[in-house]
Every structure is written in C-alpha cells, then in structure tokens.
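This report refers to the structure that appears directly beneath it.
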Amino acid sequence: MPVPALKLPRHASPRMLLAVCQTLLLVWAAPAQGVAQDLALTNARVVDVVAGTVSEPTTVVVRDGRIERIGGAPPEGMQQADLLGRYLAPGLLDAHVHVGSAENARRALLTGVTTMRSMGTSHYVDVGMRELERAGHLEAPEYLAAGYHVRPPAAEAFFQDHPELGHLYGSEIRGVDAVRAMTRAIVSRGVDFVKTNATERAGLPNTDPRKQFYSQEELRAIVEEAGAAGVPVAAHAHGDGGGRAAVLAGVRSIEHGTYLSEETLALMRERGTYLVPTIAIVRDLTIPGGDYDNAVLNIRGRHMLPRVRETAARAHAMGVKIVAATDTGYGPESTTTLAHELLELVGIGMSPLEALRSATLTAAELFGMADRVGRIAPGYEADFIVVERNPLLDIGTVQDVLMVVRDGRVAVRRGDWPGAPPVS
C-alpha cells in the first residue's frame, strides 16, 4: 500500500517530525481491517428518512461499499443477510465527540455511529485517526477532525505542535492577529472543521459557561481565515452574548447554546446556522458516574438541564436546524450514547422522524456530506444500522442496535442470524 503524502508545516519541530514518521510507519505496516463486502440484505424494512416511511420487506444490494439498488431478487452467488423483517436505517452521525483512541472509536461504532465529527483532541490525534480509518487500518466510524480549539487559554500541547508560534506562548490568544495565526496553524494540519470557544466551558467547576471569550470581530477573523481554506467553523457557546457574536460572525454551527435568546435563535434561523444542543451530556452532569462526576458540576447541571431543553425546544419550534451529538469521548466510563440524545430531542417536542433526521440527514448537511451519507438510497455509502422495532414509532429502539454496517462491512452483529455474513 502506498504511504499517503502529508504536508508538513515549514517550521516542523523534531518532535513533530518524529510523530509524523511514527504515524506513517503505522499506516504502512498495519494490516487492513477488512474490505467492503458485496452483500444482499434481504427481508429488510427500509427506513426512508427523507419521505418518513418504512418499506415492506425488501432487498438492499451492496457492492463495493455502496448501495447498488433497493428491491428485486438478490444477485446469484452474493453473500446474503436475512434481516427477518427487522428495520434497516441509515448509520448515525454524531456531530460532537472527543474520541482520541482506537478503543473508544470502536465503542462509538458499537452504538451505531458510522460517522463522527471531532470537536477537539491534542496533538492532532483526530487527524491521524481519520487517515488510519480512511486507509483501512482502523475499524471506526468515518472521522472528521478539528484538532485544537481556538481559544484564549490555548492548550499547552498546541505550542508543542506549533513552536513557530512560540511568541504567543504564555499569553492568551487575543486580538485579530493572534486568532488568525492560531486558526491558520490549525488549518495547515488538514482539519475538516475549526472549533472555537465563544464562551467558557460548562464541564469545569471553576469556569463560567455564560462568559463571552471572543468579540464578533475576533470570531469573524477566525471564520474568514478558516473559510479561505474552505474549512467551516463550529463555535462552542453556552451564553447568549458569545453565541450571538458567533452567529453574526458566520459560524456554521453553535455547539450547546444553553442560554441562547429568542433573538439569537431567530438570527440562526435566518442565516441557516445549525444548533447542536448536546442535551444528554448536560444530563450527565446531574447523575453519578459517566463523563462528569463532580459536586459543583452536579449543581450546575441541575439548573442548566432545563434551560438547554427549553432552548432546544424553542429553536425547533422556530425552525432552527437541530443536529444530534453526544459531546463524549465514548470512553469506558461514559454512560451517554447518541440514542440518549435522540430520546432527549423527542422529549423536547421533535417527532421520532425529526430526531432520527437530526442524526442522519441534517447532520450530513452540516458535515457537507449529504450527497453520500445520511440516507438509504442507490449510490450512497453502505452505512446502516439494524434495529428490532420501527424507530419512527419508537426512537428508543436505537438504544439496542443489532447490526452495524460501515462502508459495506458488517462491523457489529448481535443475536442469532441464520446464514449471517461474518463480522469483518
């Protein structure tokens, strides 16, 4: 297999060069995790998230990782999987994760996530994982990478990867020139999205999630710098001031949006800005265990949870595009999956179909991938989940995924399947 070409920054440090060489060695030497299977899924009730309908049992033919056709007899000699009348839905897209290991990526896949958007890792681990997955060496969802956050207190690791910006070390990344320089550095590493923090975090006990970090001018500089390379920007924003500034600056999505006002939501609707509310992870603040287990955060979560639910409900009623996400790392202690976010979205007034669209069609639009993932149709990538019950009637069935097909490969199979194809 040829070694992929990587573009290094002009002032690459010895540490960075060593890391790149190690990554290339892994890509070149690691065995492939399997290839797309030519497969006929028979007796499948296909969930059409565009029309909002479910078919009678039919056959879906997969060839070379894509859907060849729906209906008709299975091709002679092709491997078959009899779904026994179960429901075949598009693979799920998680719009906000912090996955930094192969083990955790595998956990995401086990829950039915076939595409995920990283919203922050150190040392560009997400870029490396994306390349390993694309080359077939890592069994994982398709991974969109963002690298570091553009934020005033830049991560210590950022300067280890970008010593050329050492003149900014020890000071906050403030002002148009500084945010442009940081954005330009991140974009140079081949990210798919840039993430910035328009407000402080909620998941640390000593932060104020309402506090605005960047002005509209600074945020517009980030959007312009990323946009020059064709890279969209996602803005973490709980508070309304930071959220409104980010929307006016032209970001593609607002992450969280807990305290957004009706005026800011109206701006989002007018400008087509997506809202990624991550309600389920806020609930995680309020319960023992999971990604967060801290007394201060527990208290904070109990007043944030009704507010983010209220904001998401208002946004949906106003016509703002809602996208499902977990904001988790899918680690061994995590208790949140994308199914829990879909349950939350139904809880704030979305129909099961609308909730499912938020993790398929609408997420694919946000990612710029709507022409190849997010629905079951000829020509689309063969990313599927199989569930026992009709998710358009019972969204909770997505908590119990019986099969996951990723890029034409059966990655997960649970239960007894007569004549079932092997798991890759």
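Labeling convention for the structure tokens: chains A, B, ... as they appear, residues from 1 per chain, ligands from 1 in order of appearance.
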
Practice prompt. Pull the strand (DSSP E or B) assignments for range 93-251 of chain A out of DSSP run on the backbone, and list those residues as a PyMOL selection string.
Written response: chain A and resi 93-97+113-118+142-144+149-150+194-197+199+212+233-237

Please, could you write that set of residues out with C-alpha atoms as a short mmCIF file (atom, residue, chain, number, x, y, z; two decimals), in the first residue's frame?
data_model
loop_
_atom_site.label_atom_id
_atom_site.label_comp_id
_atom_site.auth_asym_id
_atom_site.auth_seq_id
_atom_site.Cartn_x
_atom_site.Cartn_y
_atom_site.Cartn_z
CA LEU A 93 -23.79 10.68 12.60
CA ASP A 94 -22.50 12.10 15.90
CA ALA A 95 -21.72 15.79 15.41
CA HIS A 96 -19.65 16.41 18.55
CA VAL A 97 -17.21 13.89 20.00
CA VAL A 113 -22.33 5.68 14.92
CA THR A 114 -20.85 5.39 11.43
CA THR A 115 -19.63 9.00 11.08
CA MET A 116 -18.43 11.34 13.82
CA ARG A 117 -17.13 14.89 13.98
CA SER A 118 -14.28 15.54 16.37
CA GLU A 142 -15.61 7.90 9.47
CA TYR A 143 -13.86 10.66 11.39
CA LEU A 144 -13.94 14.40 10.70
CA HIS A 149 -9.76 24.68 19.89
CA VAL A 150 -9.09 28.30 19.01
CA VAL A 194 -12.20 24.57 13.08
CA LYS A 195 -13.67 24.80 16.55
CA THR A 196 -13.55 27.98 18.59
CA ASN A 197 -14.77 28.76 22.08
CA THR A 199 -17.73 31.28 25.75
CA GLN A 212 -18.00 35.54 26.47
CA VAL A 233 -16.17 26.86 11.88
CA ALA A 234 -18.09 25.46 14.85
CA ALA A 235 -18.47 27.67 17.92
CA HIS A 236 -18.83 26.38 21.46
CA ALA A 237 -21.26 28.81 23.09
#

Discussion item. Just list as a ChimeraX atom specification whatever in range 71-272 of chain A DSSP marks as alpha helix (DSSP H).
Written reply: /A:102-110,125-134,156-161,176-187,216-227,240-249,262-271

Residues at most 7 Å from range 177-190 of chain A, counting only C-alpha atoms, excluding those fewer than 3 positions away in the same chain, as a short mmCIF file (atom, residue, chain, number, x, y, z; two decimals) with C-alpha atoms, in the first residue's frame?
data_model
loop_
_atom_site.label_atom_id
_atom_site.label_comp_id
_atom_site.auth_asym_id
_atom_site.auth_seq_id
_atom_site.Cartn_x
_atom_site.Cartn_y
_atom_site.Cartn_z
CA PRO A 9 4.47 22.99 8.24
CA GLY A 147 -7.53 19.40 16.10
CA TYR A 148 -7.20 22.09 18.76
CA VAL A 150 -9.09 28.30 19.01
CA ILE A 173 -4.74 34.16 22.27
CA ARG A 174 -6.43 37.54 21.94
CA GLU A 218 -12.24 38.15 16.54
CA ALA A 221 -11.37 36.73 11.72
CA ILE A 222 -11.43 33.02 12.63
CA GLU A 225 -9.15 32.57 7.97
CA ALA A 226 -10.69 29.08 8.02
#

Practice prompt. Find the spatial neighbours of range 57-62 of chain A, counting only C-alpha atoms, within a cut-off of 12 Å - ignore same-chain residues fewer than 2 positions away - and output them as a ChimeraX atom specification.
Written response: /A:36-47,54-55,64-76,78-89,376-384,405-410

Discussion item. Need to verify the contact set: Val276 in chain A, 12 Å, only C-alpha atoms, exclusion of same-chain residues closer than 6 positions in sequence. Can you return it as JSON, numbers by chain?
Written reply: {"A": [94, 95, 96, 97, 117, 119, 234, 235, 236, 237, 238, 252, 253, 254, 255, 256, 257, 258, 268, 308, 309, 311, 312, 315, 316, 320, 321, 322, 323, 324, 325, 326, 327, 341, 342, 345, 358, 359, 362, 363, 366]}

Worksheet item: Hey, which of A:Val191, A:Gly230, A:His98, A:Leu285 ends up closest to Glu131 in chain A? Count only C-alpha atoms.
Response: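 The answer is A:Val191, which sits nearest to Glu131 in chain A.
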
Worksheet item: Hey, which of A:Ala249, A:Ala229, A:Val282, A:Ala317 ends up closest to Leu297 in chain A? Count only C-alpha atoms.
Response: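 So, comparing all the options, the nearest one is A:Val282.
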
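Proximity to Thr286 in chain A at 12 Å, evaluated using only C-alpha atoms and with sequence-adjacent residues fewer than 3 positions away removed, yields Gly203, Ile279, Ala280, Ile281, Val282, Arg283, Gly289, Gly290, Asp291, Tyr292, Asp293, Asn294, Ala295, Val296, Leu297, Asn298, Ile299, Arg300, Gly301, Arg302, His303, Met304, Leu305 and Pro306 of chain A.
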
Worksheet entry | CA of Asp240 in chain A to CA of Lys211 in chain A, distance in Å rounded to a single decimal | 9.1 Å

Worksheet entry | Atom pair CA of Asp394 in chain A / CA of Pro352 in chain A: separation (Å) |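 Value for the CA of Asp394 in chain A-CA of Pro352 in chain A distance: 6.9 Å.
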
Item to complete: Considering only C-alpha atoms, state which residue in the set A:Gly128, A:Gly349, A:Pro90, A:Pro209 is at the smallest distance from Gly241 in chain A.
Response: A:Pro209

Worksheet item: What separation in Å, quoted to one decimal, exists between CA of Thr264 in chain A and CA of Gly250 in chain A?
Response: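 Distance reported for this atom pair: 12.8 Å.
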